[in-house]
Amino acid sequence: MINITVIKILLNFFSSAGPWETAISPVHSYLAALSKAWSRGDATEHTHRAALQKLFENSVSGLEATNEPKASQPENKPDFLLRKSNSPIGYAEAKDLRAALPAVLRSAQIRRYQEALPNLLVTNYLDFVWLVGPDKRMEISLGRVHINATQYFDDVLARTWVLKVGGYKVCEKWLKDRKGRPLSLQDLDQYRSTVAALTHTRTLMDQIEAGAVGALWPTRQ
């Protein structure tokens with residue numbers, strides 16, 4: 001199941017990072033930047049590095065992410081060095097958006113990094129895997145809702161996933177209510193329609209709230 005933001009994985013990955021900022025807005029901005037760059041049709045795995053660096057630094061207070069850091073080991077040169085209070089706390093390796101992380105994790109490069117780097121985040125910009133030595137500690141996806149090991153819904157925004165109606169997260173509850181049984185084509189179409197309707201609702205709510213600040217709900221004096 002999708003984690004609504006990278007908070008969970010980064011909270012563990014940067015366990016020494018300190019106070020957290022609200023991370024939903026950075027994730028929205030990050031996904032928008034990915035979409036904009038990808039839509040141009042000429043993006044490579046390096047194109048999205050700036051957006052990923054901004055996501056790291058805007059999600060964790062005081063975190064610094066260095067793109068293409070100077071390598072202390074010539075054979076091990078991860079894409080990012082991550083620091084807190086000027087002390088290294090981990091590394092990140094970014095692959096192309098189309099890269100399948102299971103295959104990446106089996107590569108000689110990542111196995112070598114696991115042996116040399118104690119705290120490593122591997123990503124294709126949407127899927128994130130946290131590795132500590134030989135162990136996989138956590139794996140999450142942004143914009144995907146997995147219904148099993150190989151099938152998922154794309155383009156489910158974080159703000160849509162967390163939207164509650166009647167006290168329930170609709171996107172999550174819909175799937176939980178159907179857990180353990182096959183989904184028909186009609187079910188899949190219904191879920192996509194539900195997600196689309198909730199996304200539109202969330203957009204309208206944001207627009208109303210932005211225009212109504214201080215008007216419909218004035219600050220109490």
# chains A, B, ... in the order shown; residues from 1 in each chain; ligands from 1
>>> select_by_dssp(residues="region 79-211 of chain A", states="helix (DSSP H, G or I)", output="PDB file with N, CA and C atoms, in the first residue's frame")
ATOM      1  N   LEU A 101      13.245  -1.381  -9.752  1.00  0.00           N
ATOM      2  CA  LEU A 101      14.139  -1.452  -8.597  1.00  0.00           C
ATOM      3  C   LEU A 101      14.527  -2.877  -8.201  1.00  0.00           C
ATOM      4  N   PRO A 102      13.660  -3.879  -8.327  1.00  0.00           N
ATOM      5  CA  PRO A 102      14.114  -5.231  -7.990  1.00  0.00           C
ATOM      6  C   PRO A 102      15.363  -5.640  -8.773  1.00  0.00           C
ATOM      7  N   ALA A 103      15.407  -5.288 -10.064  1.00  0.00           N
ATOM      8  CA  ALA A 103      16.586  -5.604 -10.868  1.00  0.00           C
ATOM      9  C   ALA A 103      17.776  -4.748 -10.448  1.00  0.00           C
ATOM     10  N   VAL A 104      17.518  -3.478 -10.141  1.00  0.00           N
ATOM     11  CA  VAL A 104      18.595  -2.580  -9.690  1.00  0.00           C
ATOM     12  C   VAL A 104      19.229  -3.114  -8.409  1.00  0.00           C
ATOM     13  N   LEU A 105      18.390  -3.593  -7.495  1.00  0.00           N
ATOM     14  CA  LEU A 105      18.903  -4.068  -6.212  1.00  0.00           C
ATOM     15  C   LEU A 105      19.759  -5.323  -6.352  1.00  0.00           C
ATOM     16  N   ALA A 108      25.440  -5.545  -9.468  1.00  0.00           N
ATOM     17  CA  ALA A 108      26.737  -5.578  -8.789  1.00  0.00           C
ATOM     18  C   ALA A 108      27.026  -4.242  -8.117  1.00  0.00           C
ATOM     19  N   GLN A 109      26.587  -3.151  -8.746  1.00  0.00           N
ATOM     20  CA  GLN A 109      26.829  -1.831  -8.180  1.00  0.00           C
ATOM     21  C   GLN A 109      26.184  -1.682  -6.810  1.00  0.00           C
ATOM     22  N   ILE A 110      24.916  -2.045  -6.699  1.00  0.00           N
ATOM     23  CA  ILE A 110      24.210  -1.884  -5.424  1.00  0.00           C
ATOM     24  C   ILE A 110      24.735  -2.862  -4.383  1.00  0.00           C
ATOM     25  N   ARG A 111      25.063  -4.063  -4.778  1.00  0.00           N
ATOM     26  CA  ARG A 111      25.639  -5.016  -3.819  1.00  0.00           C
ATOM     27  C   ARG A 111      26.960  -4.478  -3.271  1.00  0.00           C
ATOM     28  N   ARG A 112      27.722  -3.840  -4.148  1.00  0.00           N
ATOM     29  CA  ARG A 112      28.996  -3.248  -3.710  1.00  0.00           C
ATOM     30  C   ARG A 112      28.745  -2.085  -2.755  1.00  0.00           C
ATOM     31  N   TYR A 113      27.752  -1.268  -3.080  1.00  0.00           N
ATOM     32  CA  TYR A 113      27.406  -0.148  -2.206  1.00  0.00           C
ATOM     33  C   TYR A 113      26.943  -0.646  -0.838  1.00  0.00           C
ATOM     34  N   GLN A 114      26.186  -1.719  -0.824  1.00  0.00           N
ATOM     35  CA  GLN A 114      25.695  -2.253   0.444  1.00  0.00           C
ATOM     36  C   GLN A 114      26.841  -2.686   1.360  1.00  0.00           C
ATOM     37  N   GLU A 115      27.886  -3.199   0.758  1.00  0.00           N
ATOM     38  CA  GLU A 115      29.035  -3.636   1.551  1.00  0.00           C
ATOM     39  C   GLU A 115      29.837  -2.450   2.073  1.00  0.00           C
ATOM     40  N   ALA A 116      29.870  -1.363   1.297  1.00  0.00           N
ATOM     41  CA  ALA A 116      30.743  -0.234   1.650  1.00  0.00           C
ATOM     42  C   ALA A 116      30.025   0.900   2.361  1.00  0.00           C
ATOM     43  N   ALA A 158      -1.002  12.006  -3.059  1.00  0.00           N
ATOM     44  CA  ALA A 158      -0.996  11.910  -1.599  1.00  0.00           C
ATOM     45  C   ALA A 158      -2.204  12.619  -0.996  1.00  0.00           C
ATOM     46  N   ARG A 159      -2.524  13.802  -1.510  1.00  0.00           N
ATOM     47  CA  ARG A 159      -3.631  14.568  -0.941  1.00  0.00           C
ATOM     48  C   ARG A 159      -4.969  13.869  -1.193  1.00  0.00           C
ATOM     49  N   THR A 160      -5.061  13.044  -2.258  1.00  0.00           N
ATOM     50  CA  THR A 160      -6.265  12.259  -2.518  1.00  0.00           C
ATOM     51  C   THR A 160      -6.327  11.067  -1.577  1.00  0.00           C
ATOM     52  N   TRP A 161      -5.202  10.407  -1.370  1.00  0.00           N
ATOM     53  CA  TRP A 161      -5.149   9.230  -0.516  1.00  0.00           C
ATOM     54  C   TRP A 161      -5.578   9.553   0.918  1.00  0.00           C
ATOM     55  N   VAL A 170     -11.200   7.324   2.085  1.00  0.00           N
ATOM     56  CA  VAL A 170     -12.033   6.612   1.118  1.00  0.00           C
ATOM     57  C   VAL A 170     -11.208   5.653   0.259  1.00  0.00           C
ATOM     58  N   CYS A 171     -10.084   6.123  -0.259  1.00  0.00           N
ATOM     59  CA  CYS A 171      -9.264   5.281  -1.143  1.00  0.00           C
ATOM     60  C   CYS A 171      -8.801   4.016  -0.430  1.00  0.00           C
ATOM     61  N   GLU A 172      -8.401   4.175   0.815  1.00  0.00           N
ATOM     62  CA  GLU A 172      -7.919   3.035   1.590  1.00  0.00           C
ATOM     63  C   GLU A 172      -9.063   2.099   1.973  1.00  0.00           C
ATOM     64  N   LYS A 173     -10.176   2.662   2.451  1.00  0.00           N
ATOM     65  CA  LYS A 173     -11.302   1.849   2.903  1.00  0.00           C
ATOM     66  C   LYS A 173     -11.901   1.048   1.759  1.00  0.00           C
ATOM     67  N   TRP A 174     -11.973   1.640   0.569  1.00  0.00           N
ATOM     68  CA  TRP A 174     -12.528   0.929  -0.587  1.00  0.00           C
ATOM     69  C   TRP A 174     -11.753  -0.362  -0.826  1.00  0.00           C
ATOM     70  N   LEU A 175     -10.432  -0.297  -0.757  1.00  0.00           N
ATOM     71  CA  LEU A 175      -9.610  -1.492  -0.977  1.00  0.00           C
ATOM     72  C   LEU A 175      -9.722  -2.479   0.180  1.00  0.00           C
ATOM     73  N   LYS A 176      -9.725  -1.973   1.410  1.00  0.00           N
ATOM     74  CA  LYS A 176      -9.824  -2.860   2.571  1.00  0.00           C
ATOM     75  C   LYS A 176     -11.147  -3.641   2.560  1.00  0.00           C
ATOM     76  N   LEU A 185     -13.155  -5.955 -13.723  1.00  0.00           N
ATOM     77  CA  LEU A 185     -12.900  -4.753 -14.506  1.00  0.00           C
ATOM     78  C   LEU A 185     -13.819  -3.621 -14.057  1.00  0.00           C
ATOM     79  N   GLN A 186     -15.041  -3.973 -13.693  1.00  0.00           N
ATOM     80  CA  GLN A 186     -15.976  -2.968 -13.195  1.00  0.00           C
ATOM     81  C   GLN A 186     -15.465  -2.371 -11.881  1.00  0.00           C
ATOM     82  N   ASP A 187     -14.898  -3.215 -11.005  1.00  0.00           N
ATOM     83  CA  ASP A 187     -14.320  -2.728  -9.754  1.00  0.00           C
ATOM     84  C   ASP A 187     -13.178  -1.758 -10.022  1.00  0.00           C
ATOM     85  N   LEU A 188     -12.299  -2.118 -10.964  1.00  0.00           N
ATOM     86  CA  LEU A 188     -11.145  -1.270 -11.278  1.00  0.00           C
ATOM     87  C   LEU A 188     -11.591   0.079 -11.821  1.00  0.00           C
ATOM     88  N   ASP A 189     -12.594   0.045 -12.705  1.00  0.00           N
ATOM     89  CA  ASP A 189     -13.120   1.304 -13.251  1.00  0.00           C
ATOM     90  C   ASP A 189     -13.759   2.144 -12.143  1.00  0.00           C
ATOM     91  N   GLN A 190     -14.455   1.480 -11.216  1.00  0.00           N
ATOM     92  CA  GLN A 190     -15.085   2.204 -10.116  1.00  0.00           C
ATOM     93  C   GLN A 190     -14.040   2.865  -9.228  1.00  0.00           C
ATOM     94  N   TYR A 191     -12.945   2.158  -8.960  1.00  0.00           N
ATOM     95  CA  TYR A 191     -11.901   2.732  -8.111  1.00  0.00           C
ATOM     96  C   TYR A 191     -11.249   3.930  -8.789  1.00  0.00           C
ATOM     97  N   ARG A 192     -10.951   3.800 -10.072  1.00  0.00           N
ATOM     98  CA  ARG A 192     -10.358   4.929 -10.797  1.00  0.00           C
ATOM     99  C   ARG A 192     -11.294   6.132 -10.789  1.00  0.00           C
ATOM    100  N   SER A 193     -12.588   5.887 -10.975  1.00  0.00           N
ATOM    101  CA  SER A 193     -13.558   6.981 -10.956  1.00  0.00           C
ATOM    102  C   SER A 193     -13.638   7.625  -9.573  1.00  0.00           C
ATOM    103  N   THR A 194     -13.553   6.789  -8.548  1.00  0.00           N
ATOM    104  CA  THR A 194     -13.577   7.297  -7.172  1.00  0.00           C
ATOM    105  C   THR A 194     -12.369   8.180  -6.907  1.00  0.00           C
ATOM    106  N   VAL A 195     -11.195   7.715  -7.337  1.00  0.00           N
ATOM    107  CA  VAL A 195      -9.962   8.492  -7.153  1.00  0.00           C
ATOM    108  C   VAL A 195     -10.065   9.820  -7.887  1.00  0.00           C
ATOM    109  N   ALA A 196     -10.572   9.785  -9.123  1.00  0.00           N
ATOM    110  CA  ALA A 196     -10.701  11.016  -9.914  1.00  0.00           C
ATOM    111  C   ALA A 196     -11.655  11.996  -9.237  1.00  0.00           C
ATOM    112  N   ALA A 197     -12.777  11.493  -8.726  1.00  0.00           N
ATOM    113  CA  ALA A 197     -13.752  12.361  -8.061  1.00  0.00           C
ATOM    114  C   ALA A 197     -13.178  12.968  -6.784  1.00  0.00           C
ATOM    115  N   LEU A 198     -12.449  12.165  -6.019  1.00  0.00           N
ATOM    116  CA  LEU A 198     -11.845  12.669  -4.795  1.00  0.00           C
ATOM    117  C   LEU A 198     -10.767  13.705  -5.089  1.00  0.00           C
ATOM    118  N   THR A 199      -9.992  13.473  -6.140  1.00  0.00           N
ATOM    119  CA  THR A 199      -8.947  14.431  -6.520  1.00  0.00           C
ATOM    120  C   THR A 199      -9.572  15.768  -6.902  1.00  0.00           C
ATOM    121  N   HIS A 200     -10.661  15.716  -7.659  1.00  0.00           N
ATOM    122  CA  HIS A 200     -11.351  16.950  -8.044  1.00  0.00           C
ATOM    123  C   HIS A 200     -11.933  17.642  -6.809  1.00  0.00           C
ATOM    124  N   THR A 201     -12.494  16.839  -5.895  1.00  0.00           N
ATOM    125  CA  THR A 201     -13.048  17.399  -4.665  1.00  0.00           C
ATOM    126  C   THR A 201     -11.970  18.094  -3.844  1.00  0.00           C
ATOM    127  N   ARG A 202     -10.823  17.447  -3.732  1.00  0.00           N
ATOM    128  CA  ARG A 202      -9.725  18.016  -2.959  1.00  0.00           C
ATOM    129  C   ARG A 202      -9.253  19.324  -3.583  1.00  0.00           C
ATOM    130  N   THR A 203      -9.211  19.374  -4.921  1.00  0.00           N
ATOM    131  CA  THR A 203      -8.804  20.594  -5.613  1.00  0.00           C
ATOM    132  C   THR A 203      -9.787  21.727  -5.331  1.00  0.00           C
ATOM    133  N   LEU A 204     -11.077  21.427  -5.388  1.00  0.00           N
ATOM    134  CA  LEU A 204     -12.094  22.438  -5.095  1.00  0.00           C
ATOM    135  C   LEU A 204     -12.001  22.907  -3.649  1.00  0.00           C
ATOM    136  N   MET A 205     -11.774  21.984  -2.727  1.00  0.00           N
ATOM    137  CA  MET A 205     -11.630  22.345  -1.318  1.00  0.00           C
ATOM    138  C   MET A 205     -10.453  23.287  -1.109  1.00  0.00           C
ATOM    139  N   ASP A 206      -9.334  22.979  -1.783  1.00  0.00           N
ATOM    140  CA  ASP A 206      -8.154  23.830  -1.664  1.00  0.00           C
ATOM    141  C   ASP A 206      -8.436  25.230  -2.196  1.00  0.00           C
ATOM    142  N   GLN A 207      -9.157  25.305  -3.331  1.00  0.00           N
ATOM    143  CA  GLN A 207      -9.466  26.599  -3.924  1.00  0.00           C
ATOM    144  C   GLN A 207     -10.396  27.404  -3.025  1.00  0.00           C
ATOM    145  N   ILE A 208     -11.387  26.740  -2.437  1.00  0.00           N
ATOM    146  CA  ILE A 208     -12.328  27.424  -1.544  1.00  0.00           C
ATOM    147  C   ILE A 208     -11.607  27.934  -0.306  1.00  0.00           C
ATOM    148  N   GLU A 209     -10.768  27.068   0.284  1.00  0.00           N
ATOM    149  CA  GLU A 209     -10.043  27.454   1.491  1.00  0.00           C
ATOM    150  C   GLU A 209      -9.091  28.620   1.215  1.00  0.00           C
ATOM    151  N   ALA A 210      -8.426  28.581   0.042  1.00  0.00           N
ATOM    152  CA  ALA A 210      -7.487  29.651  -0.297  1.00  0.00           C
ATOM    153  C   ALA A 210      -8.204  30.987  -0.467  1.00  0.00           C
ATOM    154  N   GLY A 211      -9.418  30.943  -1.029  1.00  0.00           N
ATOM    155  CA  GLY A 211     -10.147  32.178  -1.273  1.00  0.00           C
ATOM    156  C   GLY A 211     -10.938  32.664  -0.078  1.00  0.00           C
TER     157      GLY A 211
END
>>> closest_atom_pairs(of="region 70-132 of chain A", to="region 32-52 of chain A", cutoff="7 Å", atoms="only C-alpha atoms", output="JSON lines")
{"residue": "A:Lys95", "atom": "CA", "partner": "A:Glu45", "partner_atom": "CA", "distance": 5.6}
{"residue": "A:Asp96", "atom": "CA", "partner": "A:Glu45", "partner_atom": "CA", "distance": 4.1}
{"residue": "A:Leu97", "atom": "CA", "partner": "A:Glu45", "partner_atom": "CA", "distance": 6.7}
>>> closest_atom_pairs(of="region 103-198 of chain A", to="region 84-92 of chain A", cutoff="10 Å", atoms="only C-alpha atoms", output="Markdown table")
| residue | atom | partner | partner_atom | distance |
| --- | --- | --- | --- | --- |
| A:Tyr113 | CA | A:Tyr91 | CA | 9.5 |
| A:Leu117 | CA | A:Tyr91 | CA | 7.5 |
| A:Pro118 | CA | A:Gly90 | CA | 7.3 |
| A:Asn119 | CA | A:Gly90 | CA | 4.8 |
| A:Leu120 | CA | A:Tyr91 | CA | 4.9 |
| A:Leu121 | CA | A:Ala92 | CA | 4.5 |
| A:Val122 | CA | A:Ala92 | CA | 5.8 |
| A:Thr123 | CA | A:Ala92 | CA | 7.7 |
| A:Phe128 | CA | A:Ala92 | CA | 9.8 |
| A:Val129 | CA | A:Ala92 | CA | 9.8 |
| A:Trp130 | CA | A:Ala92 | CA | 9.1 |
| A:Leu131 | CA | A:Ala92 | CA | 9.9 |
| A:Val132 | CA | A:Gly90 | CA | 9.7 |
>>> atom_distance(atom1="CA of Ala71 (chain A)", atom2="CA of Ala94 (chain A)")
16.0 Å
>>> select_by_dssp(residues="region 47-194 of chain A", states="strand (DSSP E or B)", output="JSON, numbers by chain")
{"A": [60, 63, 64, 65, 66, 67, 73, 76, 80, 81, 82, 83, 84, 87, 88, 89, 90, 91, 92, 93, 94, 120, 121, 122, 123, 127, 128, 129, 130, 131, 132, 135, 136, 137, 138, 139, 140, 141, 144, 145, 146, 152, 153, 154, 164, 165, 168, 169]}
>>> decode(residues="region 65-83 of chain A", atoms="N, CA and C atoms", output="PDB file, in the first residue's frame")
ATOM      1  N   ALA A  65      21.724  17.760   1.241  1.00  0.00           N
ATOM      2  CA  ALA A  65      21.933  16.697   0.261  1.00  0.00           C
ATOM      3  C   ALA A  65      22.874  17.208  -0.818  1.00  0.00           C
ATOM      4  N   THR A  66      24.032  16.573  -0.967  1.00  0.00           N
ATOM      5  CA  THR A  66      25.008  16.964  -1.978  1.00  0.00           C
ATOM      6  C   THR A  66      24.899  16.051  -3.180  1.00  0.00           C
ATOM      7  N   ASN A  67      24.602  16.639  -4.344  1.00  0.00           N
ATOM      8  CA  ASN A  67      24.518  15.891  -5.593  1.00  0.00           C
ATOM      9  C   ASN A  67      25.928  15.701  -6.158  1.00  0.00           C
ATOM     10  N   GLU A  68      26.259  14.472  -6.553  1.00  0.00           N
ATOM     11  CA  GLU A  68      27.586  14.148  -7.085  1.00  0.00           C
ATOM     12  C   GLU A  68      28.689  14.565  -6.120  1.00  0.00           C
ATOM     13  N   PRO A  69      28.696  14.034  -4.906  1.00  0.00           N
ATOM     14  CA  PRO A  69      29.740  14.404  -3.943  1.00  0.00           C
ATOM     15  C   PRO A  69      31.091  13.832  -4.345  1.00  0.00           C
ATOM     16  N   LYS A  70      32.132  14.446  -3.837  1.00  0.00           N
ATOM     17  CA  LYS A  70      33.469  13.925  -4.067  1.00  0.00           C
ATOM     18  C   LYS A  70      33.565  12.539  -3.447  1.00  0.00           C
ATOM     19  N   ALA A  71      34.066  11.565  -4.207  1.00  0.00           N
ATOM     20  CA  ALA A  71      34.098  10.180  -3.747  1.00  0.00           C
ATOM     21  C   ALA A  71      35.314   9.918  -2.867  1.00  0.00           C
ATOM     22  N   SER A  72      35.043   9.337  -1.710  1.00  0.00           N
ATOM     23  CA  SER A  72      36.151   8.934  -0.842  1.00  0.00           C
ATOM     24  C   SER A  72      36.684   7.566  -1.246  1.00  0.00           C
ATOM     25  N   GLN A  73      35.848   6.814  -1.983  1.00  0.00           N
ATOM     26  CA  GLN A  73      36.234   5.504  -2.503  1.00  0.00           C
ATOM     27  C   GLN A  73      35.965   5.513  -4.010  1.00  0.00           C
ATOM     28  N   PRO A  74      36.994   5.413  -4.838  1.00  0.00           N
ATOM     29  CA  PRO A  74      36.814   5.531  -6.288  1.00  0.00           C
ATOM     30  C   PRO A  74      35.786   4.565  -6.867  1.00  0.00           C
ATOM     31  N   GLU A  75      35.670   3.376  -6.277  1.00  0.00           N
ATOM     32  CA  GLU A  75      34.752   2.372  -6.815  1.00  0.00           C
ATOM     33  C   GLU A  75      33.321   2.531  -6.303  1.00  0.00           C
ATOM     34  N   ASN A  76      33.137   3.398  -5.302  1.00  0.00           N
ATOM     35  CA  ASN A  76      31.805   3.605  -4.739  1.00  0.00           C
ATOM     36  C   ASN A  76      31.466   5.090  -4.773  1.00  0.00           C
ATOM     37  N   LYS A  77      30.618   5.475  -5.740  1.00  0.00           N
ATOM     38  CA  LYS A  77      30.288   6.882  -5.926  1.00  0.00           C
ATOM     39  C   LYS A  77      28.773   7.069  -6.040  1.00  0.00           C
ATOM     40  N   PRO A  78      28.059   6.983  -4.908  1.00  0.00           N
ATOM     41  CA  PRO A  78      26.607   7.195  -4.956  1.00  0.00           C
ATOM     42  C   PRO A  78      26.267   8.619  -5.370  1.00  0.00           C
ATOM     43  N   ASP A  79      25.037   8.811  -5.824  1.00  0.00           N
ATOM     44  CA  ASP A  79      24.628  10.099  -6.386  1.00  0.00           C
ATOM     45  C   ASP A  79      24.523  11.208  -5.352  1.00  0.00           C
ATOM     46  N   PHE A  80      24.124  10.860  -4.118  1.00  0.00           N
ATOM     47  CA  PHE A  80      23.926  11.876  -3.080  1.00  0.00           C
ATOM     48  C   PHE A  80      24.627  11.481  -1.782  1.00  0.00           C
ATOM     49  N   LEU A  81      25.226  12.470  -1.153  1.00  0.00           N
ATOM     50  CA  LEU A  81      25.678  12.355   0.223  1.00  0.00           C
ATOM     51  C   LEU A  81      24.739  13.193   1.073  1.00  0.00           C
ATOM     52  N   LEU A  82      24.228  12.618   2.163  1.00  0.00           N
ATOM     53  CA  LEU A  82      23.251  13.278   3.006  1.00  0.00           C
ATOM     54  C   LEU A  82      23.875  13.572   4.365  1.00  0.00           C
ATOM     55  N   ARG A  83      23.765  14.842   4.777  1.00  0.00           N
ATOM     56  CA  ARG A  83      24.395  15.290   6.023  1.00  0.00           C
ATOM     57  C   ARG A  83      23.360  15.933   6.941  1.00  0.00           C
TER      58      ARG A  83
END
